[in-house]
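For reference, the structure is listed below as structure tokens.
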Amino acid sequence: MKPPRRIVAGIDTEGRSCVLIDGPASMVIWSTEDTPADNSGTTDAGGGRFGFPTRGTRFVFSDFPPGGGSMMHATDTIDYLVVTSGEVTFITQTGETLLRAGDVLVDRGIMHAWRNDSTQPCRIVNVLCPARPVGNGATHSGELDI
């Protein structure tokens, strides 16, 4: 099978949220050495050997109806997302990236928003793991309704 498309978000040299990597994934899409994760830097943490994490996570899904989306926000997490149906635009401070069903995204706690410009609903499945803040850090305290 063709590997999924992998999008990795981060912070550019001017401190703005951006997409650092956009291309095919290997089996290990991303890894961190500890929790909370260190989201700083621009080094590709994909590839390598598979291993099981040993600390806490949250496994959620979000639905975006046609015309729906979210406000611009950041989190103190590293989020591993898979678009399971539909399509949605991932918005950073420096641009926009259209994600389609099967695409994967590593959101490294950056300022971002979501927008569904299509006529079909979109669902993303997301695993959230604690991380040290980057850039502006979290724009919420605890829960965020998307």
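A note on labels: chains of the structure tokens are A, B, ... as shown, every chain counts residues from 1, and ligands are counted from 1 in their shown order.
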
Residue neighbourhood segment 15-29 of chain A, 9 Å, only C-alpha atoms, exclusion window fewer than 2 positions, as a ChimeraX atom specification: /A:2-13,31,42,44-51,80,91-97,104-106,110-112,134-136

Between atom CA of Asp117 of chain A and atom CA of Val88 of chain A, what is the distance, to one decimal in Å?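 Computed distance, atom CA of Asp117 of chain A to atom CA of Val88 of chain A, equals 7.0 Å.
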
Close residues, Asn39 of chain A itself excluded, 7 Å, only C-alpha atoms, min 4 positions apart in chain, as a PDB file with all heavy atoms, in the first residue's frame:
ATOM      1  N   ARG A 108       2.341  20.069  16.660  1.00  0.00           N
ATOM      2  CA  ARG A 108       3.285  20.200  17.762  1.00  0.00           C
ATOM      3  C   ARG A 108       2.977  21.407  18.637  1.00  0.00           C
ATOM      4  O   ARG A 108       3.856  22.169  19.010  1.00  0.00           O
ATOM      5  CB  ARG A 108       4.696  20.242  17.202  1.00  0.00           C
ATOM      6  CG  ARG A 108       5.030  18.931  16.452  1.00  0.00           C
ATOM      7  CD  ARG A 108       6.323  18.988  15.712  1.00  0.00           C
ATOM      8  NE  ARG A 108       7.439  19.159  16.618  1.00  0.00           N
ATOM      9  CZ  ARG A 108       8.549  19.824  16.290  1.00  0.00           C
ATOM     10  NH1 ARG A 108       8.684  20.361  15.090  1.00  0.00           N
ATOM     11  NH2 ARG A 108       9.513  19.928  17.148  1.00  0.00           N
ATOM     12  N   ALA A 131       2.875  18.100  26.320  1.00  0.00           N
ATOM     13  CA  ALA A 131       4.128  18.616  25.755  1.00  0.00           C
ATOM     14  C   ALA A 131       4.446  19.962  26.384  1.00  0.00           C
ATOM     15  O   ALA A 131       3.560  20.651  26.890  1.00  0.00           O
ATOM     16  CB  ALA A 131       4.004  18.762  24.239  1.00  0.00           C
ATOM     17  N   ARG A 132       5.708  20.327  26.338  1.00  0.00           N
ATOM     18  CA  ARG A 132       6.095  21.664  26.784  1.00  0.00           C
ATOM     19  C   ARG A 132       5.602  22.673  25.761  1.00  0.00           C
ATOM     20  O   ARG A 132       5.644  22.413  24.559  1.00  0.00           O
ATOM     21  CB  ARG A 132       7.605  21.750  26.915  1.00  0.00           C
ATOM     22  CG  ARG A 132       8.194  20.894  28.037  1.00  0.00           C
ATOM     23  CD  ARG A 132       9.647  21.201  28.224  1.00  0.00           C
ATOM     24  NE  ARG A 132      10.670  20.229  28.378  1.00  0.00           N
ATOM     25  CZ  ARG A 132      10.698  18.940  28.112  1.00  0.00           C
ATOM     26  NH1 ARG A 132       9.672  18.353  27.614  1.00  0.00           N
ATOM     27  NH2 ARG A 132      11.749  18.191  28.323  1.00  0.00           N
ATOM     28  N   VAL A 134       5.335  25.694  23.093  1.00  0.00           N
ATOM     29  CA  VAL A 134       6.210  26.351  22.132  1.00  0.00           C
ATOM     30  C   VAL A 134       5.515  27.619  21.669  1.00  0.00           C
ATOM     31  O   VAL A 134       4.310  27.763  21.803  1.00  0.00           O
ATOM     32  CB  VAL A 134       6.539  25.461  20.911  1.00  0.00           C
ATOM     33  CG1 VAL A 134       7.317  24.234  21.331  1.00  0.00           C
ATOM     34  CG2 VAL A 134       5.296  25.081  20.149  1.00  0.00           C
TER      35      VAL A 134
END

Please compute the atom CA of Ser85 of chain A-atom CA of Pro130 of chain A distance, one decimal, in Å.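 Between atom CA of Ser85 of chain A and atom CA of Pro130 of chain A the gap is 26.1 Å.
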
Interatomic distance (Å, one decimal) between atom CA of Gly109 of chain A and atom CA of Ser70 of chain A: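 It comes out at 15.1 Å.
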
List the neighbours of Ser62 of chain A out to 12 Å using only C-alpha atoms; skip same-chain residues closer than 4 positions along the sequence, and give me the result as a list in words. Gly68, Gly69, Ser70, Leu81, Val82, Val83, Thr84, Ser85, Gly86, Val88, Trp114, Asn116, Pro121, Cys122, Arg123, Ile124, Val125, Asn126, Val127, Leu144, Asp145 and Ile146 of chain A

What residues in segment 31-74 of chain A get the DSSP label strand (DSSP E)? Please answer as a list in words.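 Taking segment 31-74 of chain A and keeping strand (DSSP E) gives Arg58, Phe59, Val60, Phe61, Ser62, Asp63 and Phe64 of chain A.
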
Could you check which of A:Pro66, A:Arg100, A:Thr57, A:Ala37 is closest to Gln120 of chain A, using only C-alpha atoms? A:Pro66

Proximity to His73 of chain A - best of A:Asp107, A:Phe59, A:Thr119, A:Ser40, only C-alpha atoms: A:Asp107

Which of A:Asp63, A:Glu14, A:Asp38, A:Asp103 sits closest to Asp76 of chain A [using only C-alpha atoms]: A:Asp38
